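K.L.:
My structure is stored as structure.cif, with mmCIF, C-alpha atoms.
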```cif
data_run
loop_
_atom_site.group_PDB
_atom_site.id
_atom_site.type_symbol
_atom_site.label_atom_id
_atom_site.label_comp_id
_atom_site.auth_asym_id
_atom_site.auth_seq_id
_atom_site.Cartn_x
_atom_site.Cartn_y
_atom_site.Cartn_z
ATOM 1 C CA MET A 19 -8.585 -15.980 -2.949
ATOM 2 C CA PRO A 20 -10.784 -12.887 -3.190
ATOM 3 C CA VAL A 21 -12.039 -10.928 -6.137
ATOM 4 C CA LEU A 22 -11.595 -7.230 -5.360
ATOM 5 C CA GLY A 23 -13.877 -4.579 -6.827
ATOM 6 C CA ILE A 24 -12.024 -1.284 -7.251
ATOM 7 C CA THR A 25 -13.966 1.840 -8.102
ATOM 8 C CA GLY A 26 -13.912 5.618 -7.784
ATOM 9 C CA GLY A 27 -14.797 8.690 -9.766
ATOM 10 C CA ILE A 28 -13.317 9.697 -13.073
ATOM 11 C CA GLY A 29 -9.984 11.413 -12.505
ATOM 12 C CA THR A 30 -9.421 9.975 -9.035
ATOM 13 C CA GLY A 31 -6.550 7.754 -10.201
ATOM 14 C CA LYS A 32 -8.457 4.497 -9.893
ATOM 15 C CA SER A 33 -6.700 2.692 -12.734
ATOM 16 C CA SER A 34 -3.232 3.673 -11.516
ATOM 17 C CA VAL A 35 -4.011 2.532 -7.984
ATOM 18 C CA THR A 36 -5.459 -0.720 -9.333
ATOM 19 C CA GLU A 37 -2.188 -1.476 -11.118
ATOM 20 C CA ILE A 38 -0.157 -0.701 -7.997
ATOM 21 C CA LEU A 39 -2.315 -2.860 -5.745
ATOM 22 C CA ALA A 40 -2.432 -5.708 -8.264
ATOM 23 C CA GLY A 41 1.354 -5.669 -8.479
ATOM 24 C CA GLN A 42 1.686 -5.884 -4.715
ATOM 25 C CA LEU A 43 -0.796 -8.765 -4.512
ATOM 26 C CA GLY A 44 0.370 -10.608 -7.624
ATOM 27 C CA ALA A 45 -3.196 -10.216 -8.907
ATOM 28 C CA GLU A 46 -4.658 -10.289 -12.380
ATOM 29 C CA VAL A 47 -6.576 -7.199 -13.523
ATOM 30 C CA PHE A 48 -9.868 -6.882 -15.358
ATOM 31 C CA ASP A 49 -10.467 -3.361 -16.721
ATOM 32 C CA ALA A 50 -14.172 -2.684 -17.284
ATOM 33 C CA ASP A 51 -13.467 0.428 -19.373
ATOM 34 C CA ALA A 52 -11.147 -1.546 -21.655
ATOM 35 C CA GLU A 53 -13.840 -4.199 -22.043
ATOM 36 C CA ALA A 54 -16.373 -1.491 -22.956
ATOM 37 C CA HIS A 55 -13.950 -0.161 -25.569
ATOM 38 C CA ARG A 56 -13.498 -3.674 -26.966
ATOM 39 C CA LEU A 57 -17.249 -4.212 -27.184
ATOM 40 C CA ILE A 58 -17.889 -0.873 -28.900
ATOM 41 C CA ALA A 59 -15.105 -1.450 -31.395
ATOM 42 C CA GLY A 60 -15.689 -5.070 -32.255
ATOM 43 C CA ASP A 61 -18.949 -6.589 -31.005
ATOM 44 C CA ALA A 62 -21.505 -6.565 -33.828
ATOM 45 C CA ALA A 63 -24.527 -6.799 -31.510
ATOM 46 C CA VAL A 64 -23.275 -3.929 -29.368
ATOM 47 C CA ARG A 65 -22.587 -1.744 -32.392
ATOM 48 C CA GLU A 66 -26.027 -2.503 -33.774
ATOM 49 C CA GLY A 67 -27.613 -1.596 -30.447
ATOM 50 C CA ILE A 68 -25.673 1.664 -30.206
ATOM 51 C CA GLN A 69 -26.503 2.546 -33.787
ATOM 52 C CA GLY A 70 -30.194 1.980 -33.061
ATOM 53 C CA LEU A 71 -29.914 4.207 -30.002
ATOM 54 C CA LEU A 72 -27.719 7.032 -31.291
ATOM 55 C CA GLY A 73 -27.872 6.770 -35.088
ATOM 56 C CA THR A 74 -25.317 5.886 -37.731
ATOM 57 C CA GLY A 75 -23.357 9.109 -37.291
ATOM 58 C CA VAL A 76 -21.492 7.912 -34.207
ATOM 59 C CA PHE A 77 -19.550 5.279 -36.142
ATOM 60 C CA GLY A 78 -16.703 5.800 -38.575
ATOM 61 C CA GLY A 79 -13.095 6.811 -38.077
ATOM 62 C CA SER A 80 -10.866 5.542 -35.304
ATOM 63 C CA PRO A 81 -12.188 3.741 -32.197
ATOM 64 C CA ALA A 82 -11.188 6.785 -30.135
ATOM 65 C CA GLU A 83 -13.242 9.067 -32.403
ATOM 66 C CA GLU A 84 -16.238 6.754 -32.147
ATOM 67 C CA ARG A 85 -16.029 6.708 -28.345
ATOM 68 C CA ARG A 86 -15.761 10.496 -28.265
ATOM 69 C CA ARG A 87 -18.907 10.887 -30.380
ATOM 70 C CA ILE A 88 -20.785 8.423 -28.180
ATOM 71 C CA ARG A 89 -19.570 10.162 -25.021
ATOM 72 C CA ASP A 90 -20.556 13.597 -26.328
ATOM 73 C CA ARG A 91 -24.055 12.357 -27.118
ATOM 74 C CA VAL A 92 -24.877 10.475 -23.953
ATOM 75 C CA PHE A 93 -23.372 12.664 -21.245
ATOM 76 C CA GLY A 94 -25.798 15.419 -22.134
ATOM 77 C CA ASN A 95 -28.783 13.075 -21.880
ATOM 78 C CA ALA A 96 -29.369 10.896 -18.831
ATOM 79 C CA ASP A 97 -31.933 8.688 -20.586
ATOM 80 C CA LEU A 98 -29.569 7.924 -23.467
ATOM 81 C CA ARG A 99 -26.749 7.221 -21.019
ATOM 82 C CA ARG A 100 -28.886 4.714 -19.120
ATOM 83 C CA GLU A 101 -29.891 2.983 -22.354
ATOM 84 C CA LEU A 102 -26.255 2.774 -23.439
ATOM 85 C CA GLU A 103 -25.346 1.320 -20.054
ATOM 86 C CA GLY A 104 -28.128 -1.231 -20.549
ATOM 87 C CA ILE A 105 -26.390 -2.384 -23.726
ATOM 88 C CA LEU A 106 -22.877 -2.525 -22.276
ATOM 89 C CA HIS A 107 -23.071 -3.367 -18.585
ATOM 90 C CA PRO A 108 -24.640 -6.859 -18.742
ATOM 91 C CA ARG A 109 -21.935 -7.940 -21.192
ATOM 92 C CA ILE A 110 -19.163 -6.387 -19.089
ATOM 93 C CA ARG A 111 -20.460 -8.155 -15.974
ATOM 94 C CA LEU A 112 -20.526 -11.512 -17.768
ATOM 95 C CA ALA A 113 -16.942 -10.947 -18.895
ATOM 96 C CA TRP A 114 -15.504 -10.140 -15.477
ATOM 97 C CA GLN A 115 -17.511 -12.841 -13.727
ATOM 98 C CA GLY A 116 -16.154 -15.398 -16.186
ATOM 99 C CA ARG A 117 -12.653 -14.154 -15.485
ATOM 100 C CA ALA A 118 -13.321 -14.313 -11.736
ATOM 101 C CA GLU A 119 -14.402 -17.946 -11.953
ATOM 102 C CA ALA A 120 -11.218 -18.851 -13.803
ATOM 103 C CA VAL A 121 -8.988 -16.971 -11.339
ATOM 104 C CA ARG A 122 -10.740 -18.447 -8.285
ATOM 105 C CA ALA A 123 -10.360 -21.939 -9.747
ATOM 106 C CA LYS A 124 -6.579 -21.597 -9.759
ATOM 107 C CA GLY A 125 -6.381 -19.850 -6.380
ATOM 108 C CA GLY A 126 -5.344 -16.426 -7.634
ATOM 109 C CA TRP A 127 -6.292 -12.838 -6.938
ATOM 110 C CA LEU A 128 -8.329 -10.648 -9.297
ATOM 111 C CA CYS A 129 -8.681 -6.867 -9.189
ATOM 112 C CA VAL A 130 -11.707 -5.664 -11.151
ATOM 113 C CA ASP A 131 -11.353 -1.994 -12.137
ATOM 114 C CA ILE A 132 -15.012 -1.009 -12.507
ATOM 115 C CA PRO A 133 -16.031 2.662 -12.500
ATOM 116 C CA LEU A 134 -19.765 2.092 -11.901
ATOM 117 C CA LEU A 135 -19.438 -0.694 -9.346
ATOM 118 C CA PHE A 136 -22.007 0.635 -6.904
ATOM 119 C CA GLU A 137 -24.184 2.278 -9.564
ATOM 120 C CA THR A 138 -24.715 -1.132 -11.183
ATOM 121 C CA GLY A 139 -25.439 -2.874 -7.881
ATOM 122 C CA ALA A 140 -22.367 -5.098 -8.110
ATOM 123 C CA GLY A 141 -20.957 -4.507 -4.619
ATOM 124 C CA ALA A 142 -22.203 -7.807 -3.156
ATOM 125 C CA LEU A 143 -20.449 -9.765 -5.928
ATOM 126 C CA PHE A 144 -16.979 -8.967 -4.534
ATOM 127 C CA GLU A 145 -15.238 -10.178 -1.399
ATOM 128 C CA ARG A 146 -13.914 -6.656 -0.806
ATOM 129 C CA THR A 147 -14.691 -3.287 -2.405
ATOM 130 C CA ILE A 148 -12.159 -0.463 -2.586
ATOM 131 C CA VAL A 149 -12.832 3.162 -3.479
ATOM 132 C CA VAL A 150 -10.107 5.426 -4.838
ATOM 133 C CA ALA A 151 -11.095 8.983 -4.008
ATOM 134 C CA CYS A 152 -9.727 12.514 -4.045
ATOM 135 C CA SER A 153 -10.968 16.040 -3.480
ATOM 136 C CA ALA A 154 -13.318 17.614 -6.017
ATOM 137 C CA GLU A 155 -10.718 20.269 -6.825
ATOM 138 C CA VAL A 156 -8.048 17.701 -7.677
ATOM 139 C CA GLN A 157 -10.525 15.598 -9.642
ATOM 140 C CA ARG A 158 -11.590 18.492 -11.883
ATOM 141 C CA SER A 159 -8.011 19.673 -12.308
ATOM 142 C CA ARG A 160 -6.932 16.230 -13.532
ATOM 143 C CA LEU A 161 -9.791 16.060 -16.010
ATOM 144 C CA ARG A 162 -8.902 19.444 -17.467
ATOM 145 C CA GLU A 163 -5.120 19.177 -17.453
ATOM 146 C CA LEU A 164 -4.476 15.467 -18.016
ATOM 147 C CA ARG A 165 -7.468 14.473 -20.144
ATOM 148 C CA GLY A 166 -8.114 17.760 -21.911
ATOM 149 C CA LEU A 167 -11.825 17.820 -21.079
ATOM 150 C CA SER A 168 -13.751 21.055 -20.975
ATOM 151 C CA GLU A 169 -15.021 22.126 -17.587
ATOM 152 C CA GLY A 170 -18.623 21.588 -18.733
ATOM 153 C CA LEU A 171 -18.026 18.040 -19.959
ATOM 154 C CA ALA A 172 -16.000 17.188 -16.866
ATOM 155 C CA ASP A 173 -18.892 18.317 -14.670
ATOM 156 C CA LYS A 174 -21.390 16.250 -16.694
ATOM 157 C CA ILE A 175 -19.307 13.096 -16.400
ATOM 158 C CA ILE A 176 -18.778 13.602 -12.661
ATOM 159 C CA ALA A 177 -22.509 14.222 -12.201
ATOM 160 C CA SER A 178 -23.329 10.959 -14.024
ATOM 161 C CA GLN A 179 -21.487 8.951 -11.372
ATOM 162 C CA ALA A 180 -22.530 8.364 -7.792
ATOM 163 C CA ASP A 181 -21.278 10.919 -5.293
ATOM 164 C CA LEU A 182 -17.826 9.905 -4.052
ATOM 165 C CA ARG A 183 -18.956 10.382 -0.467
ATOM 166 C CA LEU A 184 -21.637 7.717 -0.982
ATOM 167 C CA LYS A 185 -19.080 5.359 -2.527
ATOM 168 C CA ILE A 186 -16.737 5.893 0.414
ATOM 169 C CA ARG A 187 -19.497 4.986 2.868
ATOM 170 C CA ALA A 188 -20.395 1.870 0.874
ATOM 171 C CA ALA A 189 -16.828 0.584 0.413
ATOM 172 C CA ASP A 190 -14.812 -1.742 2.602
ATOM 173 C CA HIS A 191 -11.583 0.240 2.045
ATOM 174 C CA VAL A 192 -10.602 3.695 0.773
ATOM 175 C CA ILE A 193 -7.410 4.928 -0.894
ATOM 176 C CA TRP A 194 -7.198 8.731 -0.740
ATOM 177 C CA ASN A 195 -5.349 9.904 -3.834
ATOM 178 C CA ASP A 196 -4.982 13.681 -3.621
ATOM 179 C CA TRP A 197 -1.187 13.535 -3.779
ATOM 180 C CA THR A 198 1.487 11.571 -5.640
ATOM 181 C CA LEU A 199 1.316 7.942 -6.713
ATOM 182 C CA ALA A 200 4.068 7.224 -4.186
ATOM 183 C CA VAL A 201 1.702 8.253 -1.396
ATOM 184 C CA ALA A 202 -1.081 6.144 -2.900
ATOM 185 C CA GLY A 203 1.380 3.271 -3.183
ATOM 186 C CA SER A 204 2.152 3.483 0.524
ATOM 187 C CA GLN A 205 -1.560 3.206 1.292
ATOM 188 C CA CYS A 206 -1.779 0.229 -1.083
ATOM 189 C CA GLU A 207 1.056 -1.472 0.830
ATOM 190 C CA LEU A 208 -0.940 -1.236 4.039
ATOM 191 C CA LEU A 209 -4.071 -2.505 2.310
ATOM 192 C CA SER A 210 -2.305 -5.383 0.548
ATOM 193 C CA ALA A 211 -0.756 -6.469 3.853
ATOM 194 C CA CYS A 212 -4.214 -6.424 5.437
ATOM 195 C CA LEU A 213 -5.716 -8.455 2.596
ATOM 196 C CA LYS A 214 -2.904 -11.004 2.619
ATOM 197 C CA ALA A 215 -3.337 -11.431 6.374
ATOM 198 C CA CYS A 216 -7.060 -12.084 5.862
ATOM 199 C CA TYR A 217 -6.888 -14.336 2.812
ATOM 200 C CA GLY A 218 -3.386 -15.773 2.834
#
```
Output the structure of this file as structure tokens.
P.N.:
Amino acid sequence: MPVLGITGGIGTGKSSVTEILAGQLGAEVFDADAEAHRLIAGDAAVREGIQGLLGTGVFGGSPAEERRRIRDRVFGNADLRRELEGILHPRIRLAWQGRAEAVRAKGGWLCVDIPLLFETGAGALFERTIVVACSAEVQRSRLRELRGLSEGLADKIIASQADLRLKIRAADHVIWNDWTLAVAGSQCELLSACLKACYG
């Protein structure tokens, strides 16, 4: 059974679509963002590396506060962001590849929710890649209204990711998520039927 790489821009609804599609396929889910959060909160080597990169001031308080401080530091500095990604991404890839091996061994499906799939050159590691996309207006609106991000920070985060148009061209499948989750779910039904027909 295939391992599906699901990506998109921040605010496109990628995680929600992943859950819908996984439910329709009976697939397990690996969430790369959740793994990054776990590493930052509890992996001593990762915390040491981040402290060496950003200083001791980023740690202390709740995990959410620590992630906010890290985010505020790196999204204003492309070099720092790349160095942080160099600490996190190899460990995240090892984690999802280990999960993929286990799922393949028992004949299951795995959906890997991975925001920087194409940016990290991981596209060839999946049987199929899926991009969840929406218009720029909807994307920015969601970041402001649902996540409470300032317009400036939202723009920085969007700019740090590959252009959605490039992701769409690189992907095997696209879910367009400008509307309700019900509409996205209908698209997922068509995609899941296609995948089941291909892979059984």
K.L.:
Could you check the closest approach to Ala54 (chain A) for each of A:Ala188, A:Leu102, A:Val149, A:Val121 and tell me which residue wins, using all atoms listed in the file?
P.N.:
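Under the stated criterion, the closest residue is A:Leu102.
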K.L.:
Calculated over only C-alpha atoms, which of the candidates A:Ala177, A:Leu208, A:Arg122, A:Thr30 has the smallest distance to Glu155 (chain A)?
P.N.:
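Checking each of A:Ala177, A:Leu208, A:Arg122, A:Thr30 against Glu155 (chain A), counting only C-alpha atoms, the winner is A:Thr30.
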K.L.:
Between A:Arg158, A:Arg99, A:Lys124, A:Arg56, which has the minimum distance to Leu71 (chain A) (counting only C-alpha atoms)?
P.N.:
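Between A:Arg158, A:Arg99, A:Lys124, A:Arg56, the residue approaching Leu71 (chain A) most closely is A:Arg99.
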K.L.:
What's the separation between CA of Ala59 (chain A) and CA of Glu84 (chain A), in Å to one decimal place?
P.N.:
8.3 Å
K.L.:
Show me as a list in words the residues that reach within 9 Å of (-15.7, -7.0, -2.2), counting only C-alpha atoms and using the file's own coordinates.
P.N.:
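The answer, in the requested form, is Pro20, Val21, Leu22, Gly23, Ile24, Gly141, Ala142, Leu143, Phe144, Glu145, Arg146, Thr147, Ile148, Ala189 and Asp190 of chain A.
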K.L.:
Using only C-alpha atoms, please write the residues we just selected to a file, as a short mmCIF file (atom, residue, chain, number, x, y, z; two decimals), in the frame of the given file.
P.N.:
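Below is the file out.cif, written as the result:
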```cif
data_model
loop_
_atom_site.label_atom_id
_atom_site.label_comp_id
_atom_site.auth_asym_id
_atom_site.auth_seq_id
_atom_site.Cartn_x
_atom_site.Cartn_y
_atom_site.Cartn_z
CA PRO A 20 -10.78 -12.89 -3.19
CA VAL A 21 -12.04 -10.93 -6.14
CA LEU A 22 -11.60 -7.23 -5.36
CA GLY A 23 -13.88 -4.58 -6.83
CA ILE A 24 -12.02 -1.28 -7.25
CA GLY A 141 -20.96 -4.51 -4.62
CA ALA A 142 -22.20 -7.81 -3.16
CA LEU A 143 -20.45 -9.76 -5.93
CA PHE A 144 -16.98 -8.97 -4.53
CA GLU A 145 -15.24 -10.18 -1.40
CA ARG A 146 -13.91 -6.66 -0.81
CA THR A 147 -14.69 -3.29 -2.40
CA ILE A 148 -12.16 -0.46 -2.59
CA ALA A 189 -16.83 0.58 0.41
CA ASP A 190 -14.81 -1.74 2.60
#
```
K.L.:
For Ser178 (chain A), which of A:Pro108, A:Gly27, A:Gly166, A:Gly73 is the closest residue, counting only C-alpha atoms?
P.N.:
A:Gly27
K.L.:
Here's a test: counting only C-alpha atoms, identify every protein, DNA and RNA residue with an atom at most 7 Å from (0.1, 3.6, -9.9) in the file's coordinate frame, and state them as a PDB file with C-alpha atoms, in the coordinates of the input.
P.N.:
```pdb
ATOM      1  CA  SER A  34      -3.232   3.673 -11.516  1.00  0.00           C
ATOM      2  CA  VAL A  35      -4.011   2.532  -7.984  1.00  0.00           C
ATOM      3  CA  GLU A  37      -2.188  -1.476 -11.118  1.00  0.00           C
ATOM      4  CA  ILE A  38      -0.157  -0.701  -7.997  1.00  0.00           C
ATOM      5  CA  LEU A 199       1.316   7.942  -6.713  1.00  0.00           C
ATOM      6  CA  GLY A 203       1.380   3.271  -3.183  1.00  0.00           C
TER       7      GLY A 203
END
```
K.L.:
For CA of Asp90 (chain A) and CA of Ser168 (chain A), determine how far apart the two atoms are, in Å to one decimal place.
P.N.:
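Computing it gives 11.4 Å between the two atoms.
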K.L.:
Between A:Arg117, A:Ile28, A:Leu39, A:Leu171, single out the one closest to Cys206 (chain A), counting all atoms listed in the file.
P.N.:
A:Leu39
K.L.:
Any chance you could work out the residue set of the PyMOL selection byres ((chain A and resi 92) around 12) here, as a PDB file with C-alpha atoms, in the frame of the given file?
P.N.:
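Wrote it out as selection.pdb, contents follow:
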```
ATOM      1  CA  ILE A  68     -25.673   1.664 -30.206  1.00  0.00           C
ATOM      2  CA  LEU A  71     -29.914   4.207 -30.002  1.00  0.00           C
ATOM      3  CA  LEU A  72     -27.719   7.032 -31.291  1.00  0.00           C
ATOM      4  CA  VAL A  76     -21.492   7.912 -34.207  1.00  0.00           C
ATOM      5  CA  ARG A  85     -16.029   6.708 -28.345  1.00  0.00           C
ATOM      6  CA  ARG A  86     -15.761  10.496 -28.265  1.00  0.00           C
ATOM      7  CA  ARG A  87     -18.907  10.887 -30.380  1.00  0.00           C
ATOM      8  CA  ILE A  88     -20.785   8.423 -28.180  1.00  0.00           C
ATOM      9  CA  ARG A  89     -19.570  10.162 -25.021  1.00  0.00           C
ATOM     10  CA  ASP A  90     -20.556  13.597 -26.328  1.00  0.00           C
ATOM     11  CA  ARG A  91     -24.055  12.357 -27.118  1.00  0.00           C
ATOM     12  CA  PHE A  93     -23.372  12.664 -21.245  1.00  0.00           C
ATOM     13  CA  GLY A  94     -25.798  15.419 -22.134  1.00  0.00           C
ATOM     14  CA  ASN A  95     -28.783  13.075 -21.880  1.00  0.00           C
ATOM     15  CA  ALA A  96     -29.369  10.896 -18.831  1.00  0.00           C
ATOM     16  CA  ASP A  97     -31.933   8.688 -20.586  1.00  0.00           C
ATOM     17  CA  LEU A  98     -29.569   7.924 -23.467  1.00  0.00           C
ATOM     18  CA  ARG A  99     -26.749   7.221 -21.019  1.00  0.00           C
ATOM     19  CA  ARG A 100     -28.886   4.714 -19.120  1.00  0.00           C
ATOM     20  CA  GLU A 101     -29.891   2.983 -22.354  1.00  0.00           C
ATOM     21  CA  LEU A 102     -26.255   2.774 -23.439  1.00  0.00           C
ATOM     22  CA  GLU A 103     -25.346   1.320 -20.054  1.00  0.00           C
ATOM     23  CA  LEU A 171     -18.026  18.040 -19.959  1.00  0.00           C
ATOM     24  CA  LYS A 174     -21.390  16.250 -16.694  1.00  0.00           C
ATOM     25  CA  ILE A 175     -19.307  13.096 -16.400  1.00  0.00           C
ATOM     26  CA  SER A 178     -23.329  10.959 -14.024  1.00  0.00           C
TER      27      SER A 178
END
```
K.L.:
Translate the PyMOL selection byres ((chain A and resi 29) around 10) into a concrete residue list for this structure, as a list of chain:residue names.
P.N.:
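Given this file, the PyMOL selection byres ((chain A and resi 29) around 10) evaluates to A:Gly26, A:Gly27, A:Ile28, A:Thr30, A:Gly31, A:Lys32, A:Ser33, A:Val150, A:Ala151, A:Cys152, A:Ala154, A:Val156, A:Gln157, A:Arg158, A:Ser159, A:Arg160, A:Leu161, A:Arg162, A:Leu164, A:Arg165, A:Ala172, A:Ile176, A:Asn195.
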K.L.:
Would you put the residues from that selection into a file with C-alpha atoms, as a PDB file, in the frame of the given file?
P.N.:
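And here is the file that came out, result.pdb:
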```pdb
ATOM      1  CA  GLY A  26     -13.912   5.618  -7.784  1.00  0.00           C
ATOM      2  CA  GLY A  27     -14.797   8.690  -9.766  1.00  0.00           C
ATOM      3  CA  ILE A  28     -13.317   9.697 -13.073  1.00  0.00           C
ATOM      4  CA  THR A  30      -9.421   9.975  -9.035  1.00  0.00           C
ATOM      5  CA  GLY A  31      -6.550   7.754 -10.201  1.00  0.00           C
ATOM      6  CA  LYS A  32      -8.457   4.497  -9.893  1.00  0.00           C
ATOM      7  CA  SER A  33      -6.700   2.692 -12.734  1.00  0.00           C
ATOM      8  CA  VAL A 150     -10.107   5.426  -4.838  1.00  0.00           C
ATOM      9  CA  ALA A 151     -11.095   8.983  -4.008  1.00  0.00           C
ATOM     10  CA  CYS A 152      -9.727  12.514  -4.045  1.00  0.00           C
ATOM     11  CA  ALA A 154     -13.318  17.614  -6.017  1.00  0.00           C
ATOM     12  CA  VAL A 156      -8.048  17.701  -7.677  1.00  0.00           C
ATOM     13  CA  GLN A 157     -10.525  15.598  -9.642  1.00  0.00           C
ATOM     14  CA  ARG A 158     -11.590  18.492 -11.883  1.00  0.00           C
ATOM     15  CA  SER A 159      -8.011  19.673 -12.308  1.00  0.00           C
ATOM     16  CA  ARG A 160      -6.932  16.230 -13.532  1.00  0.00           C
ATOM     17  CA  LEU A 161      -9.791  16.060 -16.010  1.00  0.00           C
ATOM     18  CA  ARG A 162      -8.902  19.444 -17.467  1.00  0.00           C
ATOM     19  CA  LEU A 164      -4.476  15.467 -18.016  1.00  0.00           C
ATOM     20  CA  ARG A 165      -7.468  14.473 -20.144  1.00  0.00           C
ATOM     21  CA  ALA A 172     -16.000  17.188 -16.866  1.00  0.00           C
ATOM     22  CA  ILE A 176     -18.778  13.602 -12.661  1.00  0.00           C
ATOM     23  CA  ASN A 195      -5.349   9.904  -3.834  1.00  0.00           C
TER      24      ASN A 195
END
```
